[in-house]
$ cat final06.tsv   # TSV, C-alpha atoms
chain	number	residue	atom	x	y	z
A	1	MET	CA	101.95	110.36	89.45
A	2	ILE	CA	104.59	108.55	91.48
A	3	LEU	CA	103.71	110.64	94.55
A	4	VAL	CA	100.02	109.98	93.88
A	5	CYS	CA	100.82	106.27	94.04
A	6	LEU	CA	102.47	106.65	97.47
A	7	TYR	CA	99.50	108.45	98.95
A	8	GLY	CA	97.23	105.99	97.17
A	9	GLY	CA	98.86	103.13	99.06
A	10	VAL	CA	97.92	104.78	102.37
A	11	TRP	CA	94.38	105.31	101.13
A	12	VAL	CA	94.09	101.66	100.05
A	13	ASP	CA	95.19	100.41	103.48
A	14	ARG	CA	92.71	102.69	105.25
A	15	SER	CA	89.69	102.15	102.99
A	16	LYS	CA	87.72	99.45	101.26
A	17	ARG	CA	89.27	98.58	97.91
A	18	VAL	CA	86.16	98.07	95.75
A	19	PRO	CA	85.04	101.74	95.78
A	20	ILE	CA	88.57	102.78	94.85
A	21	MET	CA	88.67	100.39	91.89
A	22	ILE	CA	85.23	101.50	90.72
A	23	GLY	CA	86.28	105.13	91.12
A	24	ARG	CA	89.35	104.48	88.98
A	25	ASP	CA	87.22	103.08	86.18
A	26	LEU	CA	84.65	105.87	86.32
A	27	ILE	CA	87.30	108.60	86.39
A	28	SER	CA	89.15	107.01	83.46
A	29	ALA	CA	85.91	106.70	81.47
A	30	CYS	CA	85.01	110.35	82.05
A	31	ALA	CA	88.52	111.49	81.13
A	32	LEU	CA	88.45	109.54	77.87
A	33	VAL	CA	84.99	110.80	76.92
A	34	PHE	CA	86.25	114.35	77.42
A	35	VAL	CA	88.50	114.02	74.35
A	36	PRO	CA	85.76	113.56	71.71
A	37	LEU	CA	83.57	116.12	73.48
A	38	ALA	CA	86.40	118.65	73.44
A	39	GLN	CA	86.97	117.94	69.76
A	40	ILE	CA	83.30	118.54	68.97
A	41	LEU	CA	83.36	121.80	70.93
A	42	GLY	CA	86.59	122.85	69.25
A	43	CYS	CA	88.61	123.19	72.44
A	44	LEU	CA	90.85	120.13	72.17
A	45	SER	CA	94.52	120.98	72.66
A	46	ILE	CA	97.82	119.41	73.62
A	47	PRO	CA	97.61	120.74	77.22
A	48	SER	CA	94.13	119.25	77.60
A	49	LEU	CA	95.38	115.90	76.31
A	50	CYS	CA	98.22	116.06	78.84
A	51	VAL	CA	95.67	116.64	81.61
A	52	VAL	CA	93.61	113.66	80.43
A	53	THR	CA	96.72	111.50	80.38
A	54	PHE	CA	97.69	112.62	83.88
A	55	ILE	CA	94.21	111.86	85.20
A	56	CYS	CA	94.11	108.39	83.62
A	57	PHE	CA	97.58	107.44	84.84
A	58	SER	CA	96.90	108.81	88.33
A	59	ALA	CA	93.64	106.88	88.55
A	60	GLU	CA	95.43	103.72	87.48
A	61	ALA	CA	98.28	104.37	89.93
A	62	VAL	CA	95.85	104.27	92.84
A	63	GLY	CA	93.34	101.81	91.40
A	64	GLY	CA	96.07	99.36	90.41
A	65	VAL	CA	97.33	99.25	93.99
A	66	ALA	CA	93.79	98.69	95.25
A	67	GLN	CA	93.23	95.94	92.70
A	68	GLN	CA	96.29	93.94	93.70
A	69	ALA	CA	95.60	94.39	97.41
A	70	TYR	CA	91.96	93.39	96.90
A	71	LEU	CA	92.95	90.29	94.96
A	72	ALA	CA	95.21	89.17	97.82
A	73	SER	CA	92.44	89.65	100.40
A	74	LEU	CA	89.88	87.99	98.14
A	75	LEU	CA	91.80	84.80	97.41
A	76	GLY	CA	94.60	84.53	99.94
A	77	GLY	CA	98.15	83.42	99.21
A	78	GLU	CA	97.42	79.88	98.06
A	79	ARG	CA	95.27	80.81	95.05
A	80	LEU	CA	97.18	83.84	93.83
A	81	ILE	CA	99.12	81.85	91.25
A	82	GLU	CA	95.87	80.61	89.74
A	83	ALA	CA	94.41	84.12	89.81
A	84	TYR	CA	97.37	85.79	88.14
A	85	GLY	CA	97.46	82.99	85.57
A	86	ARG	CA	93.90	83.82	84.59
A	87	ILE	CA	94.69	87.52	84.55
A	88	ALA	CA	97.57	86.75	82.19
A	89	LEU	CA	95.10	84.85	79.98
A	90	SER	CA	92.70	87.79	79.77
A	91	SER	CA	95.59	90.20	79.20
A	92	GLY	CA	96.86	88.02	76.37
A	93	VAL	CA	93.46	88.12	74.69
A	94	SER	CA	93.30	91.90	75.11
A	95	GLN	CA	96.79	92.42	73.71
A	96	ALA	CA	96.04	90.17	70.75
A	97	ILE	CA	92.71	91.67	69.66
A	98	GLY	CA	92.76	95.13	71.26
A	99	PRO	CA	95.08	96.78	68.71
A	100	VAL	CA	93.08	95.22	65.87
A	101	ILE	CA	89.77	96.60	67.14
A	102	ALA	CA	91.27	100.01	67.91
A	103	GLY	CA	92.92	100.21	64.51
A	104	PHE	CA	89.73	99.14	62.74
A	105	LEU	CA	87.63	101.74	64.56
A	106	ALA	CA	90.18	104.50	64.04
A	107	GLU	CA	90.58	103.67	60.35
A	108	THR	CA	86.97	103.03	59.36
A	109	ILE	CA	85.14	105.49	61.62
A	110	SER	CA	87.36	107.85	63.63
A	111	PRO	CA	89.90	107.78	66.47
A	112	THR	CA	87.43	109.57	68.75
A	113	ILE	CA	84.96	106.69	68.42
A	114	ALA	CA	87.74	104.33	69.48
A	115	LEU	CA	88.16	106.42	72.63
A	116	VAL	CA	84.43	106.26	73.32
A	117	VAL	CA	84.53	102.48	73.01
A	118	ASP	CA	87.53	102.43	75.33
A	119	ALA	CA	85.58	104.50	77.85
A	120	CYS	CA	82.72	102.00	77.65
A	121	THR	CA	85.11	99.19	78.58
A	122	PHE	CA	85.95	101.05	81.79
A	123	LEU	CA	82.24	101.33	82.57
A	124	PHE	CA	81.88	97.59	81.97
A	125	SER	CA	84.83	96.98	84.30
A	126	ALA	CA	83.21	99.08	87.03
A	127	ALA	CA	79.97	97.13	86.68
A	128	THR	CA	81.69	93.75	86.92
A	129	ILE	CA	83.71	94.82	89.97
A	130	ARG	CA	80.52	96.00	91.63
A	131	ALA	CA	78.96	92.59	90.99
A	132	ILE	CA	81.66	90.63	92.88
A	133	ASP	CA	80.02	88.75	95.74
A	134	PHE	CA	82.57	89.32	98.48
A	135	VAL	CA	82.26	91.36	101.65
A	136	GLU	CA	85.51	93.15	102.34
A	137	PRO	CA	86.75	93.19	105.92
A	138	LYS	CA	86.46	96.53	107.61
A	139	PRO	CA	89.74	98.45	107.29
A	140	PRO	CA	91.58	99.16	110.54
A	141	VAL	CA	90.93	102.48	112.22
A	142	VAL	CA	94.12	104.53	112.45
A	143	GLU	CA	94.29	107.45	114.83
A	144	ASN	CA	96.84	110.24	115.04
A	145	GLU	CA	98.92	108.98	112.11
A	146	SER	CA	99.60	111.36	109.28
A	147	ALA	CA	99.78	110.25	105.67
A	148	TRP	CA	103.52	110.93	105.65
A	149	GLU	CA	104.06	108.72	108.70
A	150	ALA	CA	102.06	105.96	107.03
A	151	ILE	CA	104.14	106.28	103.85
A	152	LYS	CA	107.33	106.13	105.91
A	153	LEU	CA	106.07	102.95	107.57
A	154	GLY	CA	105.59	101.41	104.12
A	155	PHE	CA	109.24	102.07	103.28
A	156	MET	CA	110.32	100.59	106.62
A	157	VAL	CA	108.29	97.42	106.07
A	158	VAL	CA	109.90	96.85	102.68
A	159	TRP	CA	113.42	97.63	103.87
A	160	ARG	CA	113.23	95.43	106.98
A	161	SER	CA	112.03	92.36	105.07
A	162	PRO	CA	114.88	90.55	103.27
A	163	ILE	CA	112.48	89.01	100.76
A	164	LEU	CA	110.62	92.23	99.97
A	165	ARG	CA	113.93	94.07	99.73
A	166	MET	CA	115.25	91.44	97.33
A	167	LEU	CA	112.08	91.60	95.25
A	168	MET	CA	112.34	95.38	95.05
A	169	LEU	CA	115.95	95.15	93.89
A	170	GLN	CA	115.05	92.58	91.24
A	171	ALA	CA	112.15	94.72	90.05
A	172	SER	CA	114.38	97.80	89.86
A	173	LEU	CA	116.92	95.92	87.77
A	174	PHE	CA	114.23	94.45	85.53
A	175	PHE	CA	112.57	97.79	84.79
A	176	PHE	CA	115.95	99.45	84.29
A	177	VAL	CA	116.93	96.91	81.64
A	178	ASN	CA	113.46	96.83	80.12
A	179	GLN	CA	113.41	100.60	79.71
A	180	MET	CA	116.73	100.39	77.88
A	181	SER	CA	114.90	98.57	75.10
A	182	VAL	CA	111.42	100.11	75.03
A	183	ALA	CA	112.08	103.00	72.65
A	184	LEU	CA	114.78	101.10	70.77
A	185	LEU	CA	112.43	98.30	69.72
A	186	ILE	CA	110.37	100.49	67.40
A	187	LEU	CA	113.44	102.35	66.13
A	188	LYS	CA	115.24	99.08	65.43
A	189	ALA	CA	112.21	97.73	63.58
A	190	SER	CA	111.44	100.83	61.53
A	191	ARG	CA	114.85	102.36	60.84
A	192	GLU	CA	117.25	99.45	60.77
A	193	LEU	CA	115.00	96.58	59.66
A	194	GLY	CA	112.67	98.63	57.47
A	195	ILE	CA	109.50	97.12	58.94
A	196	SER	CA	106.36	99.10	58.17
A	197	ALA	CA	103.93	100.44	60.75
A	198	ALA	CA	101.54	97.61	59.91
A	199	GLY	CA	104.35	95.12	60.41
A	200	ILE	CA	105.17	96.58	63.81
A	201	GLY	CA	101.49	96.28	64.68
A	202	PHE	CA	101.65	92.61	63.67
A	203	ALA	CA	104.65	92.13	65.95
A	204	TYR	CA	102.78	93.62	68.88
A	205	MET	CA	99.84	91.35	68.13
A	206	SER	CA	102.20	88.38	68.15
A	207	GLY	CA	103.29	89.48	71.61
A	208	GLY	CA	99.71	89.26	72.78
A	209	GLY	CA	99.41	85.86	71.14
A	210	GLY	CA	102.53	84.66	72.92
A	211	SER	CA	101.14	85.89	76.22
A	212	LEU	CA	97.87	84.10	75.51
A	213	ILE	CA	99.57	80.78	74.75
A	214	PHE	CA	101.85	81.03	77.79
A	215	SER	CA	98.94	81.82	80.11
A	216	LEU	CA	97.32	78.49	79.24
A	217	PHE	CA	100.02	76.58	81.12
A	218	ALA	CA	101.49	79.36	83.28
A	219	GLU	CA	99.83	78.21	86.49
A	220	ASN	CA	101.17	74.65	86.30
A	221	LEU	CA	104.62	75.85	85.25
A	222	VAL	CA	104.95	78.31	88.13
A	223	LYS	CA	103.68	75.78	90.65
A	224	LYS	CA	106.18	73.22	89.40
A	225	LEU	CA	109.17	75.58	89.37
A	226	GLY	CA	108.26	77.73	92.35
A	227	VAL	CA	107.84	81.48	92.18
A	228	GLY	CA	111.51	82.34	92.71
A	229	ARG	CA	112.77	80.06	89.95
A	230	ALA	CA	109.98	81.17	87.62
A	231	MET	CA	111.07	84.79	88.10
A	232	GLY	CA	114.60	83.87	87.05
A	233	LEU	CA	113.25	81.99	84.05
A	234	GLY	CA	111.25	85.07	83.07
A	235	PHE	CA	114.46	87.11	82.96
A	236	ALA	CA	116.13	84.40	80.88
A	237	VAL	CA	113.29	84.29	78.34
A	238	CYS	CA	113.50	88.07	77.99
A	239	ALA	CA	117.23	87.73	77.39
A	240	LEU	CA	116.54	85.29	74.54
A	241	GLY	CA	114.14	87.78	73.00
A	242	TRP	CA	116.58	90.67	73.21
A	243	ALA	CA	119.46	88.57	71.87
A	244	GLY	CA	117.29	87.37	68.99
A	245	ILE	CA	116.31	90.92	68.06
A	246	ALA	CA	120.00	91.88	68.10
A	247	THR	CA	120.76	89.27	65.43
A	248	LEU	CA	118.19	90.59	62.93
A	249	THR	CA	119.46	92.49	59.92
A	250	LYS	CA	117.74	94.34	57.09
A	251	GLY	CA	117.10	92.30	53.98
A	252	ASP	CA	116.35	89.08	55.81
A	253	GLU	CA	113.49	87.38	53.99
A	254	HIS	CA	111.77	86.39	57.22
A	255	CYS	CA	112.69	89.51	59.17
A	256	LEU	CA	109.11	90.45	60.09
A	257	VAL	CA	108.21	86.96	61.28
A	258	GLU	CA	111.42	86.66	63.29
A	259	PHE	CA	110.94	90.08	64.87
A	260	GLY	CA	107.40	89.09	65.86
A	261	MET	CA	108.65	85.80	67.30
A	262	PHE	CA	111.40	87.41	69.37
A	263	TYR	CA	109.04	90.14	70.54
A	264	ALA	CA	106.61	87.41	71.64
A	265	LEU	CA	109.44	85.92	73.72
A	266	LEU	CA	109.91	89.31	75.37
A	267	VAL	CA	106.24	89.50	76.24
A	268	VAL	CA	106.16	85.93	77.57
A	269	GLY	CA	109.20	86.56	79.76
A	270	THR	CA	107.75	89.82	81.03
A	271	VAL	CA	104.38	88.23	81.82
A	272	MET	CA	106.07	85.35	83.64
A	273	TRP	CA	108.17	87.74	85.69
A	274	ASN	CA	105.29	90.14	86.47
A	275	MET	CA	103.02	87.30	87.50
A	276	THR	CA	105.49	85.68	89.89
A	277	TYR	CA	106.69	89.01	91.26
A	278	ALA	CA	103.14	90.04	92.16
A	279	VAL	CA	102.45	86.69	93.82
A	280	ALA	CA	105.62	86.82	95.94
A	281	ARG	CA	105.06	90.44	96.94
A	282	SER	CA	101.48	89.79	98.03
A	283	ARG	CA	102.47	86.66	99.94
A	284	TYR	CA	105.25	88.19	102.00
A	285	ALA	CA	103.82	91.66	102.65
A	286	PRO	CA	101.89	92.19	105.90
A	287	PRO	CA	98.15	92.29	105.03
A	288	GLU	CA	97.56	95.46	107.05
A	289	SER	CA	100.15	97.38	105.03
A	290	LEU	CA	99.91	95.64	101.66
A	291	GLY	CA	98.74	98.78	99.86
A	292	ARG	CA	101.71	100.75	101.13
A	293	VAL	CA	104.12	97.93	100.29
A	294	ILE	CA	102.83	97.80	96.71
A	295	SER	CA	102.95	101.58	96.28
A	296	THR	CA	106.39	101.83	97.91
A	297	MET	CA	107.85	99.19	95.63
A	298	ARG	CA	106.23	100.82	92.60
A	299	PHE	CA	107.79	104.12	93.62
A	300	CYS	CA	111.24	102.63	94.11
A	301	VAL	CA	111.31	100.63	90.88
A	302	SER	CA	110.20	103.67	88.86
A	303	ILE	CA	113.32	105.63	89.84
A	304	PRO	CA	115.79	103.72	87.61
A	305	GLU	CA	113.41	103.61	84.62
A	306	PRO	CA	114.40	106.99	83.09
A	307	LEU	CA	118.05	106.15	83.71
A	308	GLY	CA	117.60	102.92	81.77
A	309	ALA	CA	115.95	104.74	78.89
A	310	LEU	CA	118.76	107.30	78.85
A	311	LEU	CA	121.46	104.63	78.91
A	312	GLY	CA	119.76	102.61	76.17
A	313	GLY	CA	119.49	105.62	73.91
A	314	SER	CA	123.08	106.64	74.58
A	315	LEU	CA	124.44	103.17	73.84
A	316	ALA	CA	122.41	102.90	70.62
A	317	THR	CA	123.67	106.29	69.47
A	318	ALA	CA	127.28	105.41	70.22
A	319	PHE	CA	127.44	101.74	69.24
A	320	GLY	CA	124.31	100.95	67.23
A	321	PHE	CA	121.19	98.89	67.87
A	322	ARG	CA	122.76	95.45	67.51
A	323	ARG	CA	125.44	95.90	70.18
A	324	THR	CA	123.01	97.64	72.49
A	325	PHE	CA	120.55	94.76	72.37
A	326	TYR	CA	123.37	92.32	73.04
A	327	VAL	CA	124.30	94.37	76.12
A	328	ILE	CA	120.67	94.31	77.25
A	329	ALA	CA	120.52	90.53	76.77
A	330	VAL	CA	123.71	89.99	78.80
A	331	LEU	CA	122.37	92.17	81.61
A	332	ALA	CA	119.13	90.17	81.61
A	333	VAL	CA	121.08	86.91	81.93
A	334	LEU	CA	123.04	88.30	84.88
A	335	ILE	CA	119.81	89.41	86.55
A	336	ALA	CA	118.31	85.96	85.93
A	337	LEU	CA	121.27	84.32	87.69
A	338	PHE	CA	121.00	86.80	90.55
A	339	SER	CA	117.28	86.06	90.84
A	340	LEU	CA	117.82	82.30	90.97
A	341	VAL	CA	120.57	82.55	93.59
A	342	LYS	CA	118.73	85.00	95.85
A	343	SER	CA	115.40	83.18	95.69
A	344	HIS	CA	117.14	79.97	96.77
A	345	THR	CA	119.07	81.72	99.54
A	346	LEU	CA	116.02	83.47	100.99
A	347	MET	CA	113.67	80.48	100.81
A	348	PRO	CA	112.28	80.50	104.35
A	349	SER	CA	111.39	76.85	104.83
A	350	LYS	CA	110.40	73.63	103.14
A	351	SER	CA	106.76	74.51	103.64
A	352	ASP	CA	107.15	77.37	101.19
A	353	ASP	CA	108.71	75.30	98.40
A	354	ALA	CA	105.50	75.34	96.39
A	355	ILE	CA	105.45	79.11	96.41
A	356	PHE	CA	109.03	80.30	96.53
$ encode --input "final06.tsv" --output "structure tokens"
Amino acid sequence: MILVCLYGGVWVDRSKRVPIMIGRDLISACALVFVPLAQILGCLSIPSLCVVTFICFSAEAVGGVAQQAYLASLLGGERLIEAYGRIALSSGVSQAIGPVIAGFLAETISPTIALVVDACTFLFSAATIRAIDFVEPKPPVVENESAWEAIKLGFMVVWRSPILRMLMLQASLFFFVNQMSVALLILKASRELGISAAGIGFAYMSGGGGSLIFSLFAENLVKKLGVGRAMGLGFAVCALGWAGIATLTKGDEHCLVEFGMFYALLVVGTVMWNMTYAVARSRYAPPESLGRVISTMRFCVSIPEPLGALLGGSLATAFGFRRTFYVIAVLAVLIALFSLVKSHTLMPSKSDDAIF
């Protein structure tokens, strides 16, 4: 899927983005509908589910690049903060009510019906994208350039830009640290804190609620702080969440509420960082190679993710959940300081203060 993303970046730069986004939604819808059909026909299996997962993730890998590149061309640099603030708002609503609806459908009817409903949401997405009243500029015609040469150019663009290179390094560190905690969160909640599956679901809903509340004032906050400082603050908020989770112990009367609160902090910090990172990347990437820049940076930041997961699991096995989450929190603080220093150092001019 990572390689699909790289080739997808080339495709995005050489094609109109709307058909790619619509194609992503239609492919995802068809893949999801396959699951209940296969169950009815009696041919559903683990390998077939793996194929469906691969198709959905591959479609999103390419469609996600097209979506971010399209958003930049649709609005331009000055309105990206507003746009990503509204996206954060819609994501917060989805995270808050999505698990409830899915759980209700799976419990009262069947999980396959939940997948059918999910497929319908992709069809709705395709229809709304098709309805956007914006004529995309014609993509540049490229002659005698192979896909591999175009991919290589994407790497060169990122490496030669101090700001893009710094953003890629920050993203790599963020995803490395984040992956250290992903699997441990559920294990900490279920094994060490004794929180039930329903309680964990409540915590994830609280994360969506936190994202929703933050999105209401995210735009003004980011504009006031600047993108670079807001990225550092996002790391710091995540550090608070991880440190708070580390302090929780079994038997605490308010353990579930506190876990939900600290998880909400994690989500808020992640949303703040993702939002500002996407804005900065779109602003400083050359428009003609934005798709390749996005796919290149996605490729590079995905490399340390499995290493982070491996390190997190190893530390938890050797030293326990509490100490591991403290380590994660300390790393997040160090990354926050690095982000603040580098964003200030690489600020190009006074004219960019409102953005970076």
$ closest_residue --input "final06.tsv" --among "A:Met168, A:Leu185, A:Ala114, A:Ala197" --to "Leu248 (chain A)" --atoms "all atoms listed in the file"
A:Leu185
$ closest_residue --input "final06.tsv" --among "A:Phe217, A:Phe34, A:Phe122, A:Phe325" --to "Glu60 (chain A)" --atoms "all atoms listed in the file"
A:Phe122
$ residues_near_point --input "final06.tsv" --point "(122.1, 99.3, 76.4)" --cutoff "12 Å" --atoms "all atoms listed in the file" --output "JSON, numbers by chain"
{"A": [176, 177, 178, 179, 180, 181, 182, 183, 184, 185, 242, 243, 246, 307, 308, 309, 310, 311, 312, 313, 314, 315, 316, 317, 318, 319, 320, 321, 322, 323, 324, 325, 326, 327, 328, 329, 330, 331, 332]}
$ closest_residue --input "final06.tsv" --among "A:Tyr263, A:Cys5, A:Arg160, A:Val222" --to "Tyr204 (chain A)" --atoms "all atoms listed in the file"
A:Tyr263
$ atom_distance --input "final06.tsv" --atom1 "CA of Phe174 (chain A)" --atom2 "CA of Thr249 (chain A)"
26.2 Å
$ atom_distance --input "final06.tsv" --atom1 "CA of Ser172 (chain A)" --atom2 "CA of Arg292 (chain A)"
17.2 Å
$ closest_atom_pairs --input "final06.tsv" --of "region 185-301 of chain A" --to "region 81-90 of chain A" --cutoff "10 Å" --atoms "only C-alpha atoms" --output "tab-separated table"
residue	atom	partner	partner_atom	distance
A:Gly208	CA	A:Leu89	CA	9.6
A:Gly209	CA	A:Leu89	CA	9.9
A:Ser211	CA	A:Ala88	CA	7.0
A:Leu212	CA	A:Leu89	CA	5.3
A:Ile213	CA	A:Leu89	CA	8.0
A:Phe214	CA	A:Leu89	CA	8.1
A:Ser215	CA	A:Leu89	CA	4.9
A:Leu216	CA	A:Leu89	CA	6.8
A:Phe217	CA	A:Gly85	CA	8.2
A:Ala218	CA	A:Gly85	CA	5.9
A:Glu219	CA	A:Gly85	CA	5.4
A:Asn220	CA	A:Glu82	CA	8.7
A:Val222	CA	A:Ile81	CA	7.5
A:Lys223	CA	A:Ile81	CA	7.6
A:Val227	CA	A:Ile81	CA	8.8
A:Val268	CA	A:Ala88	CA	9.8
A:Val271	CA	A:Ala88	CA	7.0
A:Met272	CA	A:Ala88	CA	8.7
A:Asn274	CA	A:Tyr84	CA	9.2
A:Met275	CA	A:Tyr84	CA	5.9
A:Thr276	CA	A:Ile81	CA	7.6
A:Ala278	CA	A:Tyr84	CA	8.2
A:Val279	CA	A:Ile81	CA	6.4
A:Ala280	CA	A:Ile81	CA	9.4
$ build_atoms --input "final06.tsv" --residues "region 230-242 of chain A" --atoms "N, CA, C and O atoms" --output "CSV table (one decimal), in the coordinates of the input"
chain,number,residue,atom,x,y,z
A,230,ALA,N,110.7,80.7,88.8
A,230,ALA,CA,110.0,81.2,87.6
A,230,ALA,C,110.3,82.6,87.3
A,230,ALA,O,110.4,83.0,86.1
A,231,MET,N,110.6,83.4,88.3
A,231,MET,CA,111.1,84.8,88.1
A,231,MET,C,112.4,84.8,87.3
A,231,MET,O,112.6,85.6,86.4
A,232,GLY,N,113.3,84.0,87.8
A,232,GLY,CA,114.6,83.9,87.0
A,232,GLY,C,114.4,83.4,85.6
A,232,GLY,O,115.1,83.9,84.7
A,233,LEU,N,113.5,82.5,85.4
A,233,LEU,CA,113.2,82.0,84.0
A,233,LEU,C,112.6,83.1,83.2
A,233,LEU,O,112.9,83.2,82.0
A,234,GLY,N,111.8,83.9,83.8
A,234,GLY,CA,111.2,85.1,83.1
A,234,GLY,C,112.3,86.0,82.5
A,234,GLY,O,112.3,86.4,81.4
A,235,PHE,N,113.3,86.3,83.4
A,235,PHE,CA,114.5,87.1,83.0
A,235,PHE,C,115.2,86.4,81.8
A,235,PHE,O,115.6,87.1,80.8
A,236,ALA,N,115.4,85.1,81.9
A,236,ALA,CA,116.1,84.4,80.9
A,236,ALA,C,115.4,84.4,79.5
A,236,ALA,O,116.0,84.6,78.5
A,237,VAL,N,114.1,84.3,79.6
A,237,VAL,CA,113.3,84.3,78.3
A,237,VAL,C,113.4,85.7,77.7
A,237,VAL,O,113.5,85.8,76.5
A,238,CYS,N,113.3,86.7,78.5
A,238,CYS,CA,113.5,88.1,78.0
A,238,CYS,C,114.9,88.2,77.3
A,238,CYS,O,115.0,88.8,76.3
A,239,ALA,N,115.9,87.6,78.0
A,239,ALA,CA,117.2,87.7,77.4
A,239,ALA,C,117.3,87.1,76.0
A,239,ALA,O,117.9,87.6,75.1
A,240,LEU,N,116.6,85.9,75.8
A,240,LEU,CA,116.5,85.3,74.5
A,240,LEU,C,115.9,86.2,73.5
A,240,LEU,O,116.3,86.3,72.4
A,241,GLY,N,114.8,86.9,73.9
A,241,GLY,CA,114.1,87.8,73.0
A,241,GLY,C,115.0,88.9,72.6
A,241,GLY,O,115.1,89.3,71.4
A,242,TRP,N,115.7,89.5,73.5
A,242,TRP,CA,116.6,90.7,73.2
A,242,TRP,C,117.8,90.2,72.3
A,242,TRP,O,118.2,90.9,71.4
